[in-house]
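Undergrad: Here it is, the structure in full.
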Amino acid sequence: TQAHVLHYGESIEVLVYSDDENDHSIHMHAGEYQVVEVGPYGGPVASNRTTVKYQRSGPAPMRCDEIAIRSHSYTKLRFRVNHGAIIFFHCHMIHNFKGLAVTFIAAPDLLQKHMKVPDEVTRMCKLQNIKTSGNAAGNAGFDLTGLPQPLLVNRDAAIGFAERVELFWDIGRLNISRDGYNTWDSICVNNAVPIPPVHVTQGDVLVLNVRNSLDVPTAVHAHGIYHNYTDYYDGAEMVTECGIPPGENFTYVIDTTTQAGDLWIHGHVHSQLTDGFRTPFIIHEKVKPTTYDKDEVLYFEDWNERTFEDMVAIDAKLKLADIPPLYRTMLINGVNANTSKSLHFEPRKRYRLRIMSLSTSSWIKFRMPGHTMHVISKDGVEAVPMEVDGLDLGPGQRVSIIVTAHDTTEFNYMYNVTLYANFIPLYPGLMPRYYSG
């Protein structure tokens, strides 16, 4: 697919329609967009939905990097081209594998001026006999090799004095049962699962040294990082980089000077995310956006009964025979949802809960009966605090909430989580699935 070239200063509007029975979760690499309009679009359920437009005189449209597009609906997104970037814009569900994606080349003249691709990036391409000149926009004169050094003085100075957080990841597979029912070869880091969450402080530089011990290429995407002319570290295989061949090493350098909040890291080669290559990436603010006493991460994953490739093979048979579908289970903080640890609240304390959907195709509903939740950020972007009675998150979405504990420890309280997907047939006890913690 030919990419779209965007010019510096342009305001871009993207209309995303879902004229089918599927929900979609749309992610934008290397930036964020505003949601300026949502509404119905054809289909039997459209008449039950209301169009919402955000007026200039009202609250500013929400900014985020991931938005849920429901079946038979549309959403209008808007962003401004304020720097050079290679922007991969795609559905974060399995529809991405089927081509629901587009690439934007933003301000290519600024990319030419400010980006220098490290030799190690081009070496990964040459090892796989992939050309390093030309681009998806069809402009053969735009060669990403040999560009001048970046003229980003402030960024270079920030990195020079920043704290380096260095990690070593050996990516492989481990035969294990993560849901307590099914044993298969999950993707692991350093021969262990779950992959430990990554925590840094805003301004740190994350140095991620990766060894690929898989038998296929891999790539690592820091989901939510904007990149400042370092798109070659974005991890989108065959869009911003060529991936890491089997048996090779590669180092990602991620600057957090301009960002903070709830992000995550995952594999960005075909089904590796689905097979377990995912973990939270938390950039702690130097100054808290609001007061709270404790910070907790609560992340949810849908988990298949088998590897993605096996699931695809079974799905193909479903079209030819009367075979029951395979239903997903849930992991909470990397383990079987039924055995995950409880949250311990102290009376009258304020807690920040980072609620994160690291799901691949399923949706998450989250409730805390008896407690009031105030949203303070979405996808790592601060928001005007909003009181809600629950969350409904599509794959890849993250929300930080503030919850105040009750005055007494006399009673235990439950949080409720529902795992569901509109394209999987309903079946009592299997879909949707209900969990409590």
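Letters A, B, ... go to the chains of the structure tokens in the order shown; residues in each chain start at 1; ligands are counted from 1 in the same order.
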Please produce, as JSON lines, a per-residue contact table for stretch 92-112 of chain A versus stretch 250-270 of chain A (criterion: any atom at most 9 Å away, only C-alpha atoms considered), showing the nearest atom pair and its distance in Å to one decimal, sorted by chain then residue number.

TA:
```
{"residue": "A:Ile94", "atom": "CA", "partner": "A:His270", "partner_atom": "CA", "distance": 8.9}
{"residue": "A:Asn96", "atom": "CA", "partner": "A:His270", "partner_atom": "CA", "distance": 8.8}
{"residue": "A:Phe97", "atom": "CA", "partner": "A:His270", "partner_atom": "CA", "distance": 6.7}
```

Undergrad: Take the residues from that selection and put them in a file with C-alpha atoms, as an mmCIF file, in the first residue's frame.

TA:
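Printed below is selection_25.cif as written:
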```
data_model
loop_
_atom_site.group_PDB
_atom_site.id
_atom_site.type_symbol
_atom_site.label_atom_id
_atom_site.label_comp_id
_atom_site.auth_asym_id
_atom_site.auth_seq_id
_atom_site.Cartn_x
_atom_site.Cartn_y
_atom_site.Cartn_z
ATOM 1 C CA ILE A 94 -5.806 -9.206 14.413
ATOM 2 C CA ASN A 96 -3.808 -5.510 11.347
ATOM 3 C CA PHE A 97 -2.485 -8.790 9.912
#
```

Undergrad: Please return as a PyMOL selection string: the residues of stretch 122-301 of chain A that backbone DSSP assigns to helix (DSSP H, G or I).

TA: chain A and resi 122-127+153-161+231-233

Undergrad: Using only C-alpha atoms, determine which residues lie at most 7 Å from A:Phe89, disregarding the query and same-chain residues fewer than 5 positions distant; provide the list as JSON, numbers by chain.

TA: {"A": [27, 28, 29, 101, 102, 103]}

Undergrad: Tell me, as a PyMOL selection string, which residues lie within 7 Å of A:Leu6, counting only C-alpha atoms; anything in the same chain fewer than 2 positions away does not count.

TA: chain A and resi 4+8+104-107

Undergrad: Take the residues from that selection and put them in a file with all heavy atoms, as a compact mmCIF listing (two decimals), in the first residue's frame.

TA:
```
# COMPACT_ATOMS: atom_id res chain seq x y z
N HIS A 4 1.00 7.81 2.60
CA HIS A 4 0.56 9.18 2.38
C HIS A 4 1.60 10.13 2.94
O HIS A 4 2.01 10.01 4.09
CB HIS A 4 -0.79 9.42 3.06
CG HIS A 4 -1.90 8.56 2.55
ND1 HIS A 4 -2.69 8.92 1.48
CD2 HIS A 4 -2.33 7.34 2.93
CE1 HIS A 4 -3.58 7.97 1.24
NE2 HIS A 4 -3.38 7.00 2.11
N TYR A 8 4.55 19.57 6.91
CA TYR A 8 4.65 20.25 8.21
C TYR A 8 3.57 21.33 8.33
O TYR A 8 3.35 22.11 7.40
CB TYR A 8 6.03 20.87 8.36
CG TYR A 8 6.22 21.59 9.68
CD1 TYR A 8 6.49 20.90 10.85
CD2 TYR A 8 6.10 22.98 9.75
CE1 TYR A 8 6.64 21.55 12.06
CE2 TYR A 8 6.26 23.65 10.95
CZ TYR A 8 6.52 22.92 12.10
OH TYR A 8 6.66 23.57 13.29
N PHE A 104 1.82 6.98 7.27
CA PHE A 104 1.97 8.39 6.95
C PHE A 104 3.45 8.77 7.05
O PHE A 104 4.09 8.47 8.07
CB PHE A 104 1.17 9.27 7.90
CG PHE A 104 -0.31 9.04 7.89
CD1 PHE A 104 -0.97 8.60 9.03
CD2 PHE A 104 -1.06 9.25 6.75
CE1 PHE A 104 -2.34 8.38 9.03
CE2 PHE A 104 -2.43 9.04 6.72
CZ PHE A 104 -3.07 8.60 7.87
N ILE A 105 3.98 9.41 6.03
CA ILE A 105 5.32 10.00 6.11
C ILE A 105 5.13 11.47 6.40
O ILE A 105 4.72 12.24 5.52
CB ILE A 105 6.11 9.80 4.80
CG1 ILE A 105 6.09 8.34 4.36
CG2 ILE A 105 7.55 10.30 4.97
CD1 ILE A 105 6.77 7.39 5.32
N ALA A 106 5.35 11.88 7.64
CA ALA A 106 5.09 13.25 8.07
C ALA A 106 6.34 14.11 7.93
O ALA A 106 7.40 13.75 8.44
CB ALA A 106 4.61 13.26 9.52
N ALA A 107 6.19 15.22 7.21
CA ALA A 107 7.28 16.19 7.03
C ALA A 107 8.57 15.51 6.60
O ALA A 107 9.58 15.56 7.32
CB ALA A 107 7.49 16.99 8.31
```

Undergrad: Here is a test: counting only C-alpha atoms, which residue of A:His83, A:Lys378, A:Lys294, A:Arg306 is nearest to A:His344?

TA: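 Smallest separation from A:His344 among the options: A:Lys294.
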
Undergrad: Among stretch 187-393 of chain A, which residues does DSSP mark as strand (DSSP E) when it is run on the backbone? Keep the chain and numbering as in the structure and answer as a PyMOL selection string.

TA: chain A and resi 187-189+198-201+205-212+220-223+249-255+261-267+278-284+294-303+329-332+335-336+350-357+363-367+373-378+381-388+391-393
